[in-house]
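A.B. asks: target_19.cif is the file, holding mmCIF, C-alpha atoms:
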data_my_file
#
loop_
_atom_site.group_PDB
_atom_site.id
_atom_site.type_symbol
_atom_site.label_atom_id
_atom_site.label_comp_id
_atom_site.auth_asym_id
_atom_site.auth_seq_id
_atom_site.Cartn_x
_atom_site.Cartn_y
_atom_site.Cartn_z
ATOM 1 C CA ILE A 1 0.000 0.000 0.000
ATOM 2 C CA LEU A 2 2.798 2.401 0.918
ATOM 3 C CA ASN A 3 4.556 1.669 -2.324
ATOM 4 C CA GLY A 4 1.338 2.285 -4.209
ATOM 5 C CA MET A 5 0.753 5.551 -2.401
ATOM 6 C CA ARG A 6 4.349 6.549 -3.073
ATOM 7 C CA GLU A 7 3.971 5.741 -6.733
ATOM 8 C CA MET A 8 0.717 7.695 -6.861
ATOM 9 C CA LYS A 9 2.410 10.709 -5.248
ATOM 10 C CA ILE A 10 5.307 10.502 -7.688
ATOM 11 C CA ALA A 11 2.862 10.254 -10.569
ATOM 12 C CA GLY A 12 0.934 13.245 -9.199
ATOM 13 C CA ASP A 13 4.084 15.261 -8.800
ATOM 14 C CA GLU A 14 5.083 14.445 -12.374
ATOM 15 C CA GLU A 15 1.641 15.429 -13.611
ATOM 16 C CA ASP A 16 1.839 18.701 -11.668
ATOM 17 C CA ALA A 17 5.275 19.315 -13.133
ATOM 18 C CA ASN A 18 3.936 18.531 -16.602
ATOM 19 C CA ASN A 19 0.989 20.852 -16.039
ATOM 20 C CA GLU A 20 3.302 23.637 -14.858
ATOM 21 C CA ARG A 21 5.539 23.143 -17.886
ATOM 22 C CA GLN A 22 2.451 23.223 -20.095
ATOM 23 C CA GLN A 23 1.288 26.432 -18.434
ATOM 24 C CA GLN A 24 4.701 27.998 -18.895
ATOM 25 C CA ARG A 25 4.731 26.893 -22.551
ATOM 26 C CA ILE A 26 1.252 28.317 -23.046
ATOM 27 C CA LYS A 27 2.285 31.578 -21.349
ATOM 28 C CA SER A 28 5.403 31.758 -23.524
ATOM 29 C CA LEU A 29 3.272 31.167 -26.612
ATOM 30 C CA GLN A 30 0.786 33.812 -25.488
ATOM 31 C CA ASP A 31 3.632 36.300 -24.866
ATOM 32 C CA LEU A 32 5.048 35.478 -28.271
ATOM 33 C CA ILE A 33 1.626 35.949 -29.896
ATOM 34 C CA ARG A 34 1.231 39.317 -28.147
ATOM 35 C CA GLU A 35 4.671 40.395 -29.341
ATOM 36 C CA GLU A 36 3.825 39.224 -32.848
ATOM 37 C CA GLU A 37 0.517 41.125 -32.712
ATOM 38 C CA LEU A 38 2.295 44.268 -31.504
ATOM 39 C CA ALA A 39 4.903 43.870 -34.255
ATOM 40 C CA LEU A 40 2.107 43.306 -36.773
ATOM 41 C CA GLN A 41 0.331 46.450 -35.538
ATOM 42 C CA ARG A 42 3.548 48.438 -35.913
ATOM 43 C CA GLU A 43 4.080 47.075 -39.400
ATOM 44 C CA ARG A 44 0.464 47.876 -40.263
ATOM 45 C CA LYS A 45 0.956 51.393 -38.964
ATOM 46 C CA GLN A 46 4.135 51.772 -41.009
ATOM 47 C CA LEU A 47 2.371 50.345 -44.062
ATOM 48 C CA ASP A 48 -0.589 52.709 -43.571
ATOM 49 C CA ASP A 49 1.819 55.627 -43.188
ATOM 50 C CA ALA A 50 3.692 54.558 -46.327
ATOM 51 C CA ILE A 51 0.432 54.213 -48.261
ATOM 52 C CA GLN A 52 -0.677 57.633 -47.044
ATOM 53 C CA SER A 53 2.678 59.116 -47.991
ATOM 54 C CA ILE A 54 2.471 57.573 -51.467
ATOM 55 C CA THR A 55 -1.109 58.825 -51.802
ATOM 56 C CA ASP A 56 -0.068 62.338 -50.744
ATOM 57 C CA LYS A 57 2.864 62.301 -53.149
ATOM 58 C CA ALA A 58 0.656 61.023 -55.961
ATOM 59 C CA GLU A 59 -1.822 63.819 -55.237
ATOM 60 C CA HIS A 60 1.025 66.323 -55.147
ATOM 61 C CA ILE A 61 2.288 65.020 -58.478
ATOM 62 C CA ARG A 62 -1.212 65.313 -59.965
ATOM 63 C CA THR A 63 -1.412 68.882 -58.633
ATOM 64 C CA LEU A 64 2.006 69.703 -60.095
ATOM 65 C CA ARG A 65 1.026 68.185 -63.425
ATOM 66 C CA THR A 66 -2.156 70.238 -63.439
ATOM 67 C CA GLN A 67 -0.229 73.382 -62.544
ATOM 68 C CA ASN A 68 2.423 72.564 -65.137
ATOM 69 C CA GLN A 69 -0.268 72.093 -67.762
ATOM 70 C CA GLN A 70 -1.799 75.416 -66.783
ATOM 71 C CA ILE A 71 1.626 77.070 -66.996
ATOM 72 C CA GLN A 72 2.240 75.496 -70.406
ATOM 73 C CA ASP A 73 -1.157 76.738 -71.574
ATOM 74 C CA GLU A 74 -0.319 80.237 -70.313
ATOM 75 C CA ILE A 75 3.077 80.098 -72.024
ATOM 76 C CA ARG A 76 1.430 79.115 -75.312
ATOM 77 C CA LYS A 77 -1.060 81.960 -74.914
ATOM 78 C CA LEU A 78 1.776 84.397 -74.211
ATOM 79 C CA GLU A 79 3.726 83.084 -77.188
ATOM 80 C CA ARG A 80 0.704 83.600 -79.442
ATOM 81 C CA THR A 81 0.263 87.086 -77.993
ATOM 82 C CA ILE A 82 3.946 87.855 -78.564
ATOM 83 C CA GLN A 83 3.691 86.553 -82.123
ATOM 84 C CA ARG A 84 0.698 88.786 -82.765
ATOM 85 C CA LEU A 85 2.540 91.745 -81.249
ATOM 86 C CA ASP A 86 5.639 90.944 -83.300
ATOM 87 C CA LEU A 87 3.533 90.812 -86.458
ATOM 88 C CA ALA A 88 1.821 94.062 -85.532
ATOM 89 C CA THR A 89 5.183 95.661 -84.723
ATOM 90 C CA GLU A 90 6.679 94.468 -87.989
ATOM 91 C CA ALA A 91 3.641 95.734 -89.900
ATOM 92 C CA GLN A 92 3.995 99.106 -88.189
ATOM 93 C CA ARG A 93 7.719 99.094 -88.949
ATOM 94 C CA ILE A 94 7.040 98.375 -92.634
ATOM 95 C CA ARG A 95 4.525 101.225 -92.757
ATOM 96 C CA LEU A 96 7.034 103.614 -91.181
ATOM 97 C CA PHE A 97 9.766 102.533 -93.586
ATOM 98 C CA ARG A 98 7.426 103.047 -96.535
ATOM 99 C CA GLU A 99 6.733 106.555 -95.321
ATOM 100 C CA LEU A 100 10.458 107.112 -94.799
ATOM 101 C CA ARG A 101 11.220 105.899 -98.319
ATOM 102 C CA SER A 102 8.596 108.248 -99.709
ATOM 103 C CA VAL A 103 10.303 111.150 -97.901
ATOM 104 C CA TYR A 104 13.884 110.068 -98.599
ATOM 105 C CA PRO A 105 13.746 107.921 -101.757
ATOM 106 C CA ILE A 106 17.005 106.399 -102.918
ATOM 107 C CA THR A 107 17.286 105.768 -106.634
ATOM 108 C CA LEU A 108 19.854 104.197 -108.920
ATOM 109 C CA SER A 109 20.409 105.782 -112.310
ATOM 110 C CA THR A 110 21.217 103.936 -115.492
ATOM 111 C CA ASP A 111 24.881 104.841 -115.095
ATOM 112 C CA ARG A 112 24.923 103.174 -111.640
ATOM 113 C CA ARG A 113 24.867 106.381 -109.601
ATOM 114 C CA TYR A 114 22.829 106.601 -106.397
ATOM 115 C CA SER A 115 20.780 109.614 -105.371
ATOM 116 C CA ILE A 116 18.700 110.518 -102.322
ATOM 117 C CA ARG A 117 15.780 112.854 -102.921
ATOM 118 C CA GLY A 118 17.203 113.461 -106.354
ATOM 119 C CA ILE A 119 20.596 114.550 -105.034
ATOM 120 C CA GLU A 120 23.537 112.452 -106.110
ATOM 121 C CA LEU A 121 25.985 111.590 -103.350
ATOM 122 C CA VAL A 122 29.515 111.403 -104.701
ATOM 123 C CA LEU A 123 32.254 110.927 -102.123
ATOM 124 C CA GLU A 124 35.116 109.911 -104.394
ATOM 125 C CA LYS A 125 36.622 113.349 -104.598
ATOM 126 C CA THR A 126 38.632 115.777 -102.502
ATOM 127 C CA VAL A 127 36.442 118.836 -103.023
ATOM 128 C CA TYR A 128 32.933 118.725 -101.568
ATOM 129 C CA ASP A 129 30.171 121.259 -102.060
ATOM 130 C CA ASP A 130 26.839 122.162 -100.473
ATOM 131 C CA THR A 131 25.093 119.547 -102.609
ATOM 132 C CA THR A 132 27.139 116.815 -100.945
ATOM 133 C CA ALA A 133 26.395 118.327 -97.529
ATOM 134 C CA ALA A 134 22.648 118.381 -98.284
ATOM 135 C CA ALA A 135 22.703 114.746 -99.422
ATOM 136 C CA LEU A 136 24.598 113.748 -96.290
ATOM 137 C CA GLY A 137 22.046 115.624 -94.203
ATOM 138 C CA TYR A 138 19.309 113.459 -95.768
ATOM 139 C CA VAL A 139 21.414 110.349 -95.116
ATOM 140 C CA CYS A 140 21.897 111.316 -91.469
ATOM 141 C CA HIS A 141 18.191 111.824 -90.896
ATOM 142 C CA THR A 142 17.404 108.552 -92.681
ATOM 143 C CA VAL A 143 19.896 106.589 -90.563
ATOM 144 C CA PHE A 144 18.664 108.285 -87.397
ATOM 145 C CA LEU A 145 15.022 107.375 -88.119
ATOM 146 C CA MET A 146 15.907 103.834 -89.214
ATOM 147 C CA SER A 147 17.663 103.218 -85.903
ATOM 148 C CA LYS A 148 14.536 104.423 -84.070
ATOM 149 C CA TYR A 149 12.145 102.337 -86.147
ATOM 150 C CA LEU A 150 14.310 99.219 -85.782
ATOM 151 C CA ASN A 151 14.992 99.929 -82.098
ATOM 152 C CA VAL A 152 18.702 99.479 -82.755
ATOM 153 C CA HIS A 153 21.290 101.351 -80.727
ATOM 154 C CA VAL A 154 23.879 102.631 -83.191
ATOM 155 C CA ARG A 155 27.455 103.179 -82.108
ATOM 156 C CA HIS A 156 27.710 106.909 -82.704
ATOM 157 C CA ARG A 157 25.176 109.611 -82.001
ATOM 158 C CA ILE A 158 24.000 111.554 -85.026
ATOM 159 C CA HIS A 159 23.224 115.264 -84.811
ATOM 160 C CA CYS A 160 20.708 115.923 -87.586
ATOM 161 C CA GLN A 161 21.051 119.528 -88.733
ATOM 162 C CA ALA A 162 20.283 119.324 -92.446
ATOM 163 C CA SER A 163 23.359 120.261 -94.481
ATOM 164 C CA ARG A 164 25.314 120.921 -91.281
ATOM 165 C CA SER A 165 24.841 117.536 -89.652
ATOM 166 C CA ALA A 166 27.501 115.940 -87.492
ATOM 167 C CA ILE A 167 28.293 112.713 -85.679
ATOM 168 C CA ALA A 168 29.774 112.151 -82.215
ATOM 169 C CA GLN A 169 32.166 109.523 -80.923
ATOM 170 C CA THR A 170 32.577 108.793 -77.220
ATOM 171 C CA ASP A 171 36.053 107.751 -76.103
ATOM 172 C CA ASN A 172 37.073 105.620 -73.128
ATOM 173 C CA ASN A 173 37.070 108.683 -70.870
ATOM 174 C CA ASN A 174 33.453 109.425 -71.811
ATOM 175 C CA ASN A 175 34.517 112.468 -73.809
ATOM 176 C CA HIS A 176 32.367 113.323 -76.837
ATOM 177 C CA ASN A 177 34.255 114.182 -79.984
ATOM 178 C CA VAL A 178 32.025 115.646 -82.694
ATOM 179 C CA TYR A 179 32.929 115.290 -86.373
ATOM 180 C CA PRO A 180 31.278 117.256 -89.175
ATOM 181 C CA LEU A 181 29.403 115.560 -91.982
ATOM 182 C CA PHE A 182 29.917 118.525 -94.261
ATOM 183 C CA TYR A 183 33.044 120.013 -95.763
ATOM 184 C CA ALA A 184 33.191 123.793 -95.615
ATOM 185 C CA ARG A 185 35.461 126.622 -94.614
ATOM 186 C CA GLY A 186 37.116 125.902 -91.278
ATOM 187 C CA VAL A 187 36.530 122.133 -91.468
ATOM 188 C CA GLU A 188 39.545 119.843 -91.668
ATOM 189 C CA LEU A 189 39.276 117.250 -94.430
ATOM 190 C CA HIS A 190 40.444 114.423 -92.170
ATOM 191 C CA GLU A 191 37.717 115.286 -89.620
ATOM 192 C CA PHE A 192 35.061 115.182 -92.315
ATOM 193 C CA GLN A 193 36.348 111.877 -93.663
ATOM 194 C CA TYR A 194 36.439 110.402 -90.150
ATOM 195 C CA GLY A 195 32.839 111.508 -89.658
ATOM 196 C CA LEU A 196 31.951 109.597 -92.829
ATOM 197 C CA PHE A 197 33.712 106.562 -91.362
ATOM 198 C CA LEU A 198 31.603 106.784 -88.172
ATOM 199 C CA LEU A 199 28.416 107.172 -90.205
ATOM 200 C CA ASP A 200 29.436 104.097 -92.201
ATOM 201 C CA GLN A 201 29.781 102.146 -88.933
ATOM 202 C CA ASN A 202 26.236 103.108 -87.918
ATOM 203 C CA ILE A 203 24.854 101.865 -91.225
ATOM 204 C CA HIS A 204 26.817 98.640 -90.803
ATOM 205 C CA VAL A 205 25.183 98.105 -87.389
ATOM 206 C CA LEU A 206 21.714 98.553 -88.916
ATOM 207 C CA CYS A 207 22.502 96.012 -91.627
ATOM 208 C CA GLN A 208 23.778 93.523 -89.081
ATOM 209 C CA ALA A 209 20.656 93.956 -86.948
ATOM 210 C CA ARG A 210 18.497 92.811 -89.868
ATOM 211 C CA GLY A 211 20.847 90.049 -90.978
ATOM 212 C CA ILE A 212 21.945 91.887 -94.108
ATOM 213 C CA ARG A 213 25.447 91.127 -95.291
ATOM 214 C CA ASP A 214 26.598 94.470 -96.608
ATOM 215 C CA ASN A 215 30.035 93.087 -97.516
ATOM 216 C CA ASN A 216 31.559 96.426 -96.581
ATOM 217 C CA ASN A 217 29.925 98.104 -99.570
ATOM 218 C CA PRO A 218 31.489 101.579 -99.557
ATOM 219 C CA ASN A 219 28.397 103.193 -101.049
ATOM 220 C CA LEU A 220 26.245 104.533 -98.223
ATOM 221 C CA LEU A 221 23.133 104.970 -100.353
ATOM 222 C CA ALA A 222 23.408 101.467 -101.826
ATOM 223 C CA ARG A 223 23.288 99.963 -98.342
ATOM 224 C CA LEU A 224 20.414 102.164 -97.213
ATOM 225 C CA LYS A 225 18.519 101.190 -100.350
ATOM 226 C CA ARG A 226 19.181 97.553 -99.455
ATOM 227 C CA LEU A 227 17.664 98.189 -96.017
ATOM 228 C CA TYR A 228 14.570 99.684 -97.635
ATOM 229 C CA GLU A 229 14.181 96.663 -99.894
ATOM 230 C CA HIS A 230 14.722 94.186 -97.072
ATOM 231 C CA LEU A 231 12.262 95.833 -94.698
ATOM 232 C CA ILE A 232 9.557 96.829 -97.156
ATOM 233 C CA ASP A 233 9.805 94.405 -100.056
ATOM 234 C CA GLY A 234 11.109 91.425 -98.115
ATOM 235 C CA TYR A 235 14.233 90.608 -100.092
#
Would you write out, as structure tokens, the structure that this file holds?

C.D. replies:
Amino acid sequence: ILNGMREMKIAGDEEDANNERQQQRIKSLQDLIREEELALQRERKQLDDAIQSITDKAEHIRTLRTQNQQIQDEIRKLERTIQRLDLATEAQRIRLFRELRSVYPITLSTDRRYSIRGIELVLEKTVYDDTTAAALGYVCHTVFLMSKYLNVHVRHRIHCQASRSAIAQTDNNNNHNVYPLFYARGVELHEFQYGLFLLDQNIHVLCQARGIRDNNNPNLLARLKRLYEHLIDGY
């Protein structure tokens, strides 16, 4: 009987030990499940945050695309407006040049001599008269108005005073040296010829501004006539 009771006690102790181990295993599993659930919740939260971030970025991208499209539409509208203004400006410029040509027409005679307002401009000589001065006065006013109509800043300022016109050059010290565009008593020939050189540079700038290759044509009227043809007649 004692042996049986002892065996029963041993068996009971083993069962209690087994039960305790089972409880500990269950508790460990429950703790592990809770940790896994907490980790899963954190991962879900991170995933939700990532999804929200992606959604926000996608919405931001859609907004940027919409804004970009609106900007592109505005740019196209502005470009069309600029084109219309450019066409209107060019039309106005052509009208002004036509009026200028009617006031200061430049013609070429059969013997290849150029005239402005019927006055021939001959510069291949050493003696100049009032006729040359008058023609140069017309040239000065024509160049001056062309620079205004084309909105081109020429290198040297022209003083339009009919047959007593002049041209100024500014040196590095900002000093203005004025050279006559007429040859009369008291005028040095080299000053007059240098004034012609400065006037030639202004005409060259106008030709360059319109893409005209003047090839250093020495004839002032020929190049002005070319400007007329380019602006008004389109060739």

A.B. asks: How many Å lie between atom CA of A:Asn173 and atom CA of A:Leu196, rounded to one decimal?

C.D. replies: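 Separation of atom CA of A:Asn173 and atom CA of A:Leu196: 22.6 Å.
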
A.B. asks: Would you work out the distance separating atom CA of A:Cys160 from atom CA of A:Tyr179, expressed in Å to one decimal?

C.D. replies: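 Interatomic distance here is 12.3 Å.
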
A.B. asks: Return as a list in words the set of residues that the PyMOL selection byres ((chain A and resi 133) around 9) yields on the displayed structure.

C.D. replies: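 When the PyMOL selection byres ((chain A and resi 133) around 9) is applied, the selected residues are Leu121, Tyr128, Asp129, Asp130, Thr131, Thr132, Ala134, Ala135, Leu136, Gly137, Tyr138, Ala162, Ser163, Arg164, Ser165, Leu181, Phe182, Tyr183 and Ala184 of chain A.
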
A.B. asks: When the PyMOL selection byres ((chain A and resi 223) around 10) is applied to the file above, which residues end up in the set, as a ChimeraX atom specification?

C.D. replies: /A:200,203-204,206-207,212-222,224-229

A.B. asks: Take atom CA of A:Glu15 and atom CA of A:Gln30 and report the distance between them in Å, one decimal.

C.D. replies: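 Rounded to one decimal, the two atoms are 21.9 Å apart.
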